[in-house]
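Q: Input file: target22.cif. Contents: mmCIF, C-alpha atoms.
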data_protein
#
loop_
_atom_site.group_PDB
_atom_site.id
_atom_site.type_symbol
_atom_site.label_atom_id
_atom_site.label_comp_id
_atom_site.auth_asym_id
_atom_site.auth_seq_id
_atom_site.Cartn_x
_atom_site.Cartn_y
_atom_site.Cartn_z
ATOM 1 C CA MET O 1 24.724 -34.584 -57.091
ATOM 2 C CA LYS O 2 27.678 -36.788 -58.057
ATOM 3 C CA ILE O 3 26.830 -36.451 -61.748
ATOM 4 C CA HIS O 4 26.764 -32.661 -61.392
ATOM 5 C CA ARG O 5 30.141 -32.588 -59.653
ATOM 6 C CA LEU O 6 31.654 -34.888 -62.240
ATOM 7 C CA SER O 7 30.309 -32.714 -65.049
ATOM 8 C CA ILE O 8 31.797 -29.582 -63.475
ATOM 9 C CA VAL O 9 35.160 -31.293 -62.972
ATOM 10 C CA LEU O 10 35.062 -32.507 -66.586
ATOM 11 C CA LEU O 11 34.230 -29.035 -67.910
ATOM 12 C CA TYR O 12 37.089 -27.393 -66.004
ATOM 13 C CA ALA O 13 39.398 -30.189 -67.164
ATOM 14 C CA ILE O 14 38.389 -29.418 -70.759
ATOM 15 C CA THR O 15 39.123 -25.713 -70.177
ATOM 16 C CA ILE O 16 42.557 -26.498 -68.729
ATOM 17 C CA LEU O 17 43.292 -28.880 -71.605
ATOM 18 C CA CYS O 18 42.293 -26.226 -74.164
ATOM 19 C CA VAL O 19 44.556 -23.644 -72.527
ATOM 20 C CA PHE O 20 47.424 -26.135 -72.462
ATOM 21 C CA LEU O 21 46.997 -27.056 -76.129
ATOM 22 C CA LEU O 22 46.634 -23.438 -77.237
ATOM 23 C CA PHE O 23 49.844 -22.483 -75.462
ATOM 24 C CA GLN O 24 51.644 -25.601 -76.636
ATOM 25 C CA LYS O 25 50.729 -25.120 -80.288
ATOM 26 C CA GLY O 26 50.657 -21.332 -80.444
ATOM 27 C CA GLY O 27 52.938 -20.203 -77.641
ATOM 28 C CA SER O 28 55.661 -19.070 -80.029
ATOM 29 C CA TYR O 29 53.083 -16.950 -81.868
ATOM 30 C CA TYR O 30 51.511 -15.355 -78.787
ATOM 31 C CA PHE O 31 54.876 -14.309 -77.336
ATOM 32 C CA GLN O 32 56.202 -13.016 -80.641
ATOM 33 C CA PRO O 33 56.431 -9.250 -81.284
ATOM 34 C CA LEU O 34 53.419 -7.991 -83.249
ATOM 35 C CA ILE O 35 55.564 -6.843 -86.149
ATOM 36 C CA ASP O 36 56.964 -10.364 -86.633
ATOM 37 C CA ARG O 37 53.724 -12.324 -86.313
ATOM 38 C CA PRO O 38 52.677 -12.095 -90.004
ATOM 39 C CA HIS O 39 55.889 -13.957 -90.904
ATOM 40 C CA ASN O 40 55.096 -16.842 -88.550
ATOM 41 C CA PRO O 41 53.969 -19.995 -90.445
ATOM 42 C CA ILE O 42 50.917 -20.393 -88.195
ATOM 43 C CA HIS O 43 49.816 -16.768 -88.504
ATOM 44 C CA SER O 44 46.999 -17.458 -90.975
ATOM 45 C CA ASN O 45 45.285 -19.868 -88.571
ATOM 46 C CA TRP O 46 46.126 -18.282 -85.218
ATOM 47 C CA LYS O 47 45.463 -14.615 -85.936
ATOM 48 C CA PRO O 48 42.116 -13.236 -84.596
ATOM 49 C CA GLY O 49 40.487 -13.828 -87.976
ATOM 50 C CA GLY O 50 42.112 -17.230 -88.546
ATOM 51 C CA PHE O 51 40.581 -20.661 -88.070
ATOM 52 C CA VAL O 52 41.896 -21.204 -84.521
ATOM 53 C CA GLY O 53 41.772 -17.589 -83.341
ATOM 54 C CA HIS O 54 38.324 -16.922 -84.769
ATOM 55 C CA GLY O 55 37.030 -20.253 -83.457
ATOM 56 C CA ALA O 56 38.236 -19.443 -79.936
ATOM 57 C CA GLY O 57 36.480 -16.079 -80.143
ATOM 58 C CA ILE O 58 33.199 -17.595 -81.323
ATOM 59 C CA ILE O 59 33.139 -20.329 -78.677
ATOM 60 C CA GLY O 60 34.132 -17.868 -75.949
ATOM 61 C CA SER O 61 31.468 -15.373 -77.040
ATOM 62 C CA VAL O 62 28.779 -18.064 -77.106
ATOM 63 C CA LEU O 63 29.695 -19.119 -73.564
ATOM 64 C CA MET O 64 29.553 -15.502 -72.400
ATOM 65 C CA LEU O 65 26.068 -15.133 -73.884
ATOM 66 C CA VAL O 66 24.720 -18.449 -72.600
ATOM 67 C CA LEU O 67 25.797 -17.646 -69.035
ATOM 68 C CA PHE O 68 23.091 -14.949 -68.954
ATOM 69 C CA LEU O 69 20.564 -17.788 -68.720
ATOM 70 C CA TYR O 70 21.474 -17.918 -65.032
ATOM 71 C CA SER O 71 20.154 -14.379 -64.567
ATOM 72 C CA ALA O 72 17.017 -15.320 -66.498
ATOM 73 C CA ARG O 73 16.616 -18.409 -64.303
ATOM 74 C CA LYS O 74 16.512 -16.170 -61.228
ATOM 75 C CA ARG O 75 14.366 -13.438 -62.761
ATOM 76 C CA PHE O 76 11.558 -15.244 -64.612
ATOM 77 C CA ARG O 77 8.985 -17.119 -62.581
ATOM 78 C CA PHE O 78 8.378 -19.827 -65.193
ATOM 79 C CA MET O 79 12.095 -20.796 -65.039
ATOM 80 C CA ARG O 80 12.359 -21.104 -61.263
ATOM 81 C CA LYS O 81 11.671 -24.820 -61.283
ATOM 82 C CA TRP O 82 14.232 -25.537 -63.975
ATOM 83 C CA GLY O 83 16.731 -27.381 -61.804
ATOM 84 C CA ASN O 84 18.779 -26.588 -58.725
ATOM 85 C CA ILE O 85 19.905 -22.948 -58.616
ATOM 86 C CA ARG O 86 23.286 -24.022 -57.213
ATOM 87 C CA TYR O 87 23.911 -26.156 -60.266
ATOM 88 C CA TRP O 88 23.017 -23.220 -62.500
ATOM 89 C CA LEU O 89 25.469 -21.024 -60.607
ATOM 90 C CA ASN O 90 28.301 -23.536 -60.994
ATOM 91 C CA TYR O 91 27.785 -23.724 -64.762
ATOM 92 C CA HIS O 92 27.434 -19.926 -64.875
ATOM 93 C CA ILE O 93 30.817 -19.548 -63.166
ATOM 94 C CA TRP O 94 32.476 -22.090 -65.462
ATOM 95 C CA MET O 95 31.236 -20.202 -68.520
ATOM 96 C CA GLY O 96 32.273 -16.912 -66.895
ATOM 97 C CA VAL O 97 35.810 -18.270 -66.519
ATOM 98 C CA SER O 98 36.179 -20.242 -69.751
ATOM 99 C CA GLY O 99 34.532 -17.702 -72.066
ATOM 100 C CA PRO O 100 36.906 -14.819 -71.255
ATOM 101 C CA ILE O 101 39.923 -17.144 -71.436
ATOM 102 C CA LEU O 102 39.008 -18.164 -74.983
ATOM 103 C CA VAL O 103 38.345 -14.542 -75.952
ATOM 104 C CA ILE O 104 41.810 -13.613 -74.679
ATOM 105 C CA PHE O 105 43.301 -16.235 -76.996
ATOM 106 C CA HIS O 106 41.111 -14.878 -79.803
ATOM 107 C CA SER O 107 42.629 -11.439 -79.241
ATOM 108 C CA THR O 108 46.126 -13.028 -79.354
ATOM 109 C CA PHE O 109 46.824 -11.092 -76.152
ATOM 110 C CA LYS O 110 46.568 -7.681 -77.795
ATOM 111 C CA VAL O 111 43.737 -5.215 -77.213
ATOM 112 C CA HIS O 112 43.295 -1.676 -78.447
ATOM 113 C CA GLY O 113 40.592 0.844 -79.279
ATOM 114 C CA ILE O 114 37.008 0.267 -78.218
ATOM 115 C CA ILE O 115 37.693 -3.472 -77.879
ATOM 116 C CA ALA O 116 39.958 -2.636 -74.942
ATOM 117 C CA ILE O 117 36.920 -1.319 -73.049
ATOM 118 C CA SER O 118 35.083 -4.593 -73.618
ATOM 119 C CA PHE O 119 38.195 -6.594 -72.759
ATOM 120 C CA TRP O 120 38.821 -4.923 -69.409
ATOM 121 C CA SER O 121 35.108 -5.011 -68.625
ATOM 122 C CA MET O 122 35.296 -8.748 -69.260
ATOM 123 C CA VAL O 123 38.273 -9.061 -66.909
ATOM 124 C CA ALA O 124 36.420 -7.040 -64.253
ATOM 125 C CA VAL O 125 33.342 -9.256 -64.627
ATOM 126 C CA ALA O 126 35.393 -12.448 -64.325
ATOM 127 C CA LEU O 127 37.366 -11.290 -61.280
ATOM 128 C CA SER O 128 34.335 -9.838 -59.526
ATOM 129 C CA GLY O 129 32.528 -13.102 -60.261
ATOM 130 C CA VAL O 130 35.073 -14.982 -58.161
ATOM 131 C CA LEU O 131 34.454 -12.572 -55.273
ATOM 132 C CA GLY O 132 30.697 -12.823 -55.791
ATOM 133 C CA ARG O 133 30.840 -16.610 -55.579
ATOM 134 C CA TYR O 134 32.685 -16.360 -52.266
ATOM 135 C CA ILE O 135 30.169 -13.879 -50.835
ATOM 136 C CA TYR O 136 27.263 -16.004 -52.100
ATOM 137 C CA LEU O 137 28.617 -18.970 -50.143
ATOM 138 C CA GLN O 138 28.600 -16.947 -46.917
ATOM 139 C CA ILE O 139 24.793 -16.949 -46.894
ATOM 140 C CA PRO O 140 23.453 -20.245 -45.458
ATOM 141 C CA ARG O 141 21.318 -22.064 -48.009
ATOM 142 C CA SER O 142 19.374 -25.274 -48.403
ATOM 143 C CA LEU O 143 20.451 -28.088 -50.735
ATOM 144 C CA SER O 144 18.229 -26.545 -53.414
ATOM 145 C CA GLY O 145 20.121 -23.253 -53.124
ATOM 146 C CA GLU O 146 17.353 -21.278 -51.415
ATOM 147 C CA GLU O 147 18.369 -18.953 -48.585
ATOM 148 C CA LEU O 148 17.629 -20.406 -45.139
ATOM 149 C CA SER O 149 15.374 -18.557 -42.729
ATOM 150 C CA GLY O 150 16.550 -17.642 -39.239
ATOM 151 C CA ARG O 151 14.594 -20.560 -37.807
ATOM 152 C CA ASP O 152 16.070 -22.989 -40.318
ATOM 153 C CA MET O 153 19.603 -21.865 -39.474
ATOM 154 C CA GLN O 154 18.947 -22.278 -35.758
ATOM 155 C CA ASP O 155 17.570 -25.787 -36.353
ATOM 156 C CA VAL O 156 20.682 -26.782 -38.293
ATOM 157 C CA GLN O 157 22.908 -25.341 -35.570
ATOM 158 C CA ASP O 158 20.969 -27.231 -32.868
ATOM 159 C CA ASP O 159 21.306 -30.470 -34.832
ATOM 160 C CA LEU O 160 25.065 -30.020 -35.091
ATOM 161 C CA HIS O 161 25.350 -29.309 -31.359
ATOM 162 C CA ALA O 162 23.306 -32.449 -30.698
ATOM 163 C CA ASP O 163 25.657 -34.461 -32.913
ATOM 164 C CA LEU O 164 28.630 -33.128 -30.972
ATOM 165 C CA ASN O 165 27.036 -33.885 -27.601
ATOM 166 C CA ARG O 166 26.723 -37.552 -28.589
ATOM 167 C CA PHE O 167 30.417 -37.978 -27.938
ATOM 168 C CA SER O 168 30.670 -38.560 -24.209
ATOM 169 C CA GLY O 169 33.937 -38.489 -22.340
ATOM 170 C CA LEU O 170 35.432 -35.497 -24.107
ATOM 171 C CA LYS O 171 37.924 -33.832 -21.800
ATOM 172 C CA ASP O 172 37.951 -30.136 -20.962
ATOM 173 C CA ARG O 173 40.976 -29.447 -23.174
ATOM 174 C CA ILE O 174 39.094 -30.886 -26.152
ATOM 175 C CA PHE O 175 36.082 -28.677 -25.452
ATOM 176 C CA GLU O 176 38.404 -25.690 -25.077
ATOM 177 C CA THR O 177 39.899 -26.397 -28.494
ATOM 178 C CA ILE O 178 36.431 -26.819 -30.010
ATOM 179 C CA SER O 179 35.270 -23.540 -28.430
ATOM 180 C CA MET O 180 38.308 -21.786 -29.893
ATOM 181 C CA ILE O 181 37.517 -23.131 -33.366
ATOM 182 C CA ILE O 182 33.837 -22.197 -33.232
ATOM 183 C CA GLY O 183 34.870 -18.856 -31.780
ATOM 184 C CA LYS O 184 33.006 -15.678 -30.990
ATOM 185 C CA HIS O 185 32.761 -13.020 -33.669
ATOM 186 C CA ASP O 186 32.171 -9.480 -32.444
ATOM 187 C CA ILE O 187 31.199 -7.420 -35.472
ATOM 188 C CA SER O 188 29.005 -4.849 -33.764
ATOM 189 C CA GLN O 189 31.425 -2.048 -34.706
ATOM 190 C CA SER O 190 32.636 -3.526 -37.998
ATOM 191 C CA THR O 191 32.176 -1.871 -41.355
ATOM 192 C CA LYS O 192 31.164 -4.036 -44.316
ATOM 193 C CA LEU O 193 34.722 -4.028 -45.639
ATOM 194 C CA ALA O 194 36.085 -4.983 -42.213
ATOM 195 C CA ALA O 195 33.514 -7.777 -41.972
ATOM 196 C CA LEU O 196 34.625 -9.130 -45.352
ATOM 197 C CA PHE O 197 38.249 -9.036 -44.215
ATOM 198 C CA ASN O 198 37.403 -10.723 -40.892
ATOM 199 C CA TRP O 199 35.514 -13.634 -42.386
ATOM 200 C CA LEU O 200 38.219 -14.098 -45.017
ATOM 201 C CA LEU O 201 40.782 -14.386 -42.214
ATOM 202 C CA SER O 202 38.454 -16.782 -40.409
ATOM 203 C CA ASP O 203 38.239 -19.020 -43.475
ATOM 204 C CA LEU O 204 42.013 -18.996 -43.916
ATOM 205 C CA ALA O 205 42.604 -19.822 -40.241
ATOM 206 C CA LEU O 206 40.025 -22.630 -40.035
ATOM 207 C CA PRO O 207 42.157 -25.397 -41.660
ATOM 208 C CA PHE O 208 45.001 -24.727 -39.199
ATOM 209 C CA ARG O 209 42.598 -24.822 -36.259
ATOM 210 C CA MET O 210 41.185 -28.115 -37.511
ATOM 211 C CA ILE O 211 44.724 -29.538 -37.680
ATOM 212 C CA LYS O 212 45.213 -28.542 -34.045
ATOM 213 C CA LEU O 213 41.933 -30.216 -33.051
ATOM 214 C CA ARG O 214 42.895 -33.374 -34.944
ATOM 215 C CA GLY O 215 46.179 -33.479 -33.014
ATOM 216 C CA VAL O 216 44.386 -33.069 -29.670
ATOM 217 C CA LEU O 217 41.916 -35.843 -30.525
ATOM 218 C CA ARG O 218 44.647 -38.230 -31.672
ATOM 219 C CA ASN O 219 46.444 -37.731 -28.367
ATOM 220 C CA SER O 220 43.269 -38.674 -26.485
ATOM 221 C CA PRO O 221 43.202 -42.491 -26.061
ATOM 222 C CA GLU O 222 39.503 -42.466 -25.205
ATOM 223 C CA ILE O 223 38.646 -41.147 -28.693
ATOM 224 C CA THR O 224 38.565 -43.697 -31.534
ATOM 225 C CA LYS O 225 39.622 -42.947 -35.122
ATOM 226 C CA TYR O 226 35.989 -43.090 -36.232
ATOM 227 C CA GLN O 227 34.959 -40.627 -33.502
ATOM 228 C CA THR O 228 37.841 -38.353 -34.481
ATOM 229 C CA ARG O 229 36.565 -38.170 -38.055
ATOM 230 C CA GLU O 230 32.992 -37.555 -36.895
ATOM 231 C CA ILE O 231 34.026 -34.820 -34.461
ATOM 232 C CA ILE O 232 36.217 -33.105 -37.072
ATOM 233 C CA VAL O 233 33.397 -33.043 -39.643
ATOM 234 C CA THR O 234 30.807 -31.816 -37.115
ATOM 235 C CA VAL O 235 33.003 -29.089 -35.623
ATOM 236 C CA ARG O 236 33.979 -27.824 -39.069
ATOM 237 C CA LYS O 237 30.320 -27.582 -40.159
ATOM 238 C CA LEU O 238 29.385 -25.880 -36.887
ATOM 239 C CA ALA O 239 32.227 -23.351 -37.106
ATOM 240 C CA ILE O 240 31.348 -22.406 -40.686
ATOM 241 C CA LEU O 241 27.618 -22.162 -39.972
ATOM 242 C CA LYS O 242 28.060 -20.052 -36.838
ATOM 243 C CA ARG O 243 30.402 -17.650 -38.600
ATOM 244 C CA ARG O 244 27.993 -17.338 -41.539
ATOM 245 C CA ILE O 245 25.071 -16.625 -39.212
ATOM 246 C CA VAL O 246 27.056 -13.885 -37.446
ATOM 247 C CA PHE O 247 28.099 -12.257 -40.738
ATOM 248 C CA LEU O 248 24.748 -12.807 -42.473
ATOM 249 C CA GLN O 249 23.580 -9.181 -42.613
ATOM 250 C CA GLN O 250 26.984 -7.977 -43.810
ATOM 251 C CA ALA O 251 27.094 -10.698 -46.478
ATOM 252 C CA GLN O 252 23.637 -9.765 -47.764
ATOM 253 C CA ALA O 253 24.549 -6.068 -47.907
ATOM 254 C CA ILE O 254 27.879 -6.694 -49.650
ATOM 255 C CA LEU O 255 26.202 -9.016 -52.160
ATOM 256 C CA HIS O 256 23.716 -6.234 -52.951
ATOM 257 C CA TYR O 257 26.523 -3.739 -53.653
ATOM 258 C CA TRP O 258 28.414 -6.408 -55.588
ATOM 259 C CA HIS O 259 25.479 -6.733 -58.010
ATOM 260 C CA ILE O 260 25.545 -2.963 -58.554
ATOM 261 C CA ILE O 261 29.203 -3.202 -59.635
ATOM 262 C CA HIS O 262 29.109 -6.550 -61.457
ATOM 263 C CA LYS O 263 26.134 -5.957 -63.745
ATOM 264 C CA PRO O 264 27.214 -2.687 -65.463
ATOM 265 C CA PHE O 265 30.560 -4.218 -66.453
ATOM 266 C CA ALA O 266 28.702 -7.249 -67.834
ATOM 267 C CA TYR O 267 26.352 -5.065 -69.902
ATOM 268 C CA VAL O 268 29.212 -2.952 -71.291
ATOM 269 C CA MET O 269 31.124 -6.106 -72.188
ATOM 270 C CA ILE O 270 28.171 -7.692 -74.004
ATOM 271 C CA ILE O 271 27.104 -4.541 -75.883
ATOM 272 C CA ILE O 272 30.597 -3.896 -77.265
ATOM 273 C CA MET O 273 31.066 -7.593 -78.018
ATOM 274 C CA ILE O 274 27.838 -7.653 -80.057
ATOM 275 C CA ILE O 275 28.941 -4.534 -81.967
ATOM 276 C CA HIS O 276 32.304 -6.198 -82.624
ATOM 277 C CA VAL O 277 30.617 -9.372 -83.905
ATOM 278 C CA ILE O 278 28.256 -7.443 -86.202
ATOM 279 C CA ILE O 279 31.115 -5.421 -87.695
ATOM 280 C CA SER O 280 33.151 -8.604 -88.201
ATOM 281 C CA ILE O 281 30.284 -10.276 -90.060
ATOM 282 C CA VAL O 282 29.687 -7.183 -92.209
ATOM 283 C CA PHE O 283 33.348 -7.232 -93.261
ATOM 284 C CA GLY O 284 33.148 -10.915 -94.151
ATOM 285 C CA TYR O 285 34.736 -12.614 -91.139
ATOM 286 C CA LYS O 286 32.375 -15.593 -90.870
ATOM 287 C CA TRP O 287 34.811 -18.324 -89.797
ATOM 288 C CA ILE O 288 33.722 -21.646 -91.396
ATOM 289 C CA PHE O 289 30.193 -20.512 -92.192
#
So, in terms of structure tokens, how does the structure I just supplied come out?

A:
Amino acid sequence: MKIHRLSIVLLYAITILCVFLLFQKGGSYYFQPLIDRPHNPIHSNWKPGGFVGHGAGIIGSVLMLVLFLYSARKRFRFMRKWGNIRYWLNYHIWMGVSGPILVIFHSTFKVHGIIAISFWSMVAVALSGVLGRYIYLQIPRSLSGEELSGRDMQDVQDDLHADLNRFSGLKDRIFETISMIIGKHDISQSTKLAALFNWLLSDLALPFRMIKLRGVLRNSPEITKYQTREIIVTVRKLAILKRRIVFLQQAQAILHYWHIIHKPFAYVMIIIMIIHVIISIVFGYKWIF
């Protein structure tokens, strides 16, 4: 688990470093009017067909193709034991972020013609991917990434309540604060869009509620620092789990509709990108090959 997290952090650090270096070295070129770019000394290397520009496009395109392995991992039975699905998703998201960024640098921030369709499809895929990741996290899952059954979710919730009940001597005002954090979510009349808005507000409000609970616990002399940390962690897990259980059906439905929107943009992006690559090769743009 730690190795996976470190690898993800390292990959995003590499992406950030690449963006920084590209802007540092080629910023004057990217922000220059199109008519003046051919006169820039770095034009031959930084234009879309140059060493740097073409290289960014190739690497970005490869990442955007490789990320489809995640879909294959979910679809094909023989691949289902190839590692933790959560790990696959994290790498999929990194490639879905880094690939388009590199392609944008390849385009030198100018798009026109049929490439514009692929470009904006790529942007739509990347942005919807961020939303999809958030919705995916709203569905309680095991450590392996598999969706928990109703019984499994109830067992986890019972375990968290049991952990909280271990702390004896909690005063009524502490329990009142905890009850406020865990909260009651009435979504019986909510539309799917309203449900999405409500749980987004709940996520944004949770850190502030946890700060309030921490203050209440620190002002309670009967609660030690160690107990404060344990209570904070347990209450946070319980609040998130309970909210996800309440919104489960809405999350599943929204995720279904999200796939309907996300996939067509991805297919359009890839088809036009492949056509673009083939035409480039036919006209002799082969980078260093």

Q: Just checking: using all atoms listed in the file, which residue out of O:Ser128, O:Ser202, O:Thr177, O:Thr108 ends up closest to O:Asn45?

A: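 Nearest to O:Asn45: O:Thr108.
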
Q: Quick check, in Å to one decimal: how far apart do atom CA of O:Arg218 and atom CA of O:Thr234 lie?

A: 16.2 Å

Q: Do you know which residues are at most 9 Å from O:Gly129 counting all atoms listed in the file, after dropping those on the same chain fewer than 2 positions away, and could you put them as a PyMOL selection string?

A: chain O and resi 93+96-97+124-127+131-134+262

Q: May I ask which of the residues O:Ala195, O:Val233, O:Met180, O:Ala251 is the closest one to O:Gln138, counting all atoms listed in the file?

A: O:Ala251

Q: For O:Leu217, list every protein, DNA or RNA residue within 10 Å, evaluated using all atoms listed in the file, and leave out those in the same chain fewer than 2 positions away; present the list as a PDB file with C-alpha atoms, in the frame of the given file.

A:
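Saved the output as selection_8.pdb:
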ATOM      1  CA  LEU O 170      35.432 -35.497 -24.107  1.00  0.00           C
ATOM      2  CA  LYS O 171      37.924 -33.832 -21.800  1.00  0.00           C
ATOM      3  CA  ARG O 173      40.976 -29.447 -23.174  1.00  0.00           C
ATOM      4  CA  ILE O 174      39.094 -30.886 -26.152  1.00  0.00           C
ATOM      5  CA  THR O 177      39.899 -26.397 -28.494  1.00  0.00           C
ATOM      6  CA  ILE O 211      44.724 -29.538 -37.680  1.00  0.00           C
ATOM      7  CA  LYS O 212      45.213 -28.542 -34.045  1.00  0.00           C
ATOM      8  CA  LEU O 213      41.933 -30.216 -33.051  1.00  0.00           C
ATOM      9  CA  ARG O 214      42.895 -33.374 -34.944  1.00  0.00           C
ATOM     10  CA  GLY O 215      46.179 -33.479 -33.014  1.00  0.00           C
ATOM     11  CA  ASN O 219      46.444 -37.731 -28.367  1.00  0.00           C
ATOM     12  CA  SER O 220      43.269 -38.674 -26.485  1.00  0.00           C
ATOM     13  CA  PRO O 221      43.202 -42.491 -26.061  1.00  0.00           C
ATOM     14  CA  GLU O 222      39.503 -42.466 -25.205  1.00  0.00           C
ATOM     15  CA  ILE O 223      38.646 -41.147 -28.693  1.00  0.00           C
ATOM     16  CA  THR O 224      38.565 -43.697 -31.534  1.00  0.00           C
ATOM     17  CA  LYS O 225      39.622 -42.947 -35.122  1.00  0.00           C
ATOM     18  CA  GLN O 227      34.959 -40.627 -33.502  1.00  0.00           C
ATOM     19  CA  THR O 228      37.841 -38.353 -34.481  1.00  0.00           C
ATOM     20  CA  ARG O 229      36.565 -38.170 -38.055  1.00  0.00           C
ATOM     21  CA  ILE O 231      34.026 -34.820 -34.461  1.00  0.00           C
ATOM     22  CA  ILE O 232      36.217 -33.105 -37.072  1.00  0.00           C
TER      23      ILE O 232
END
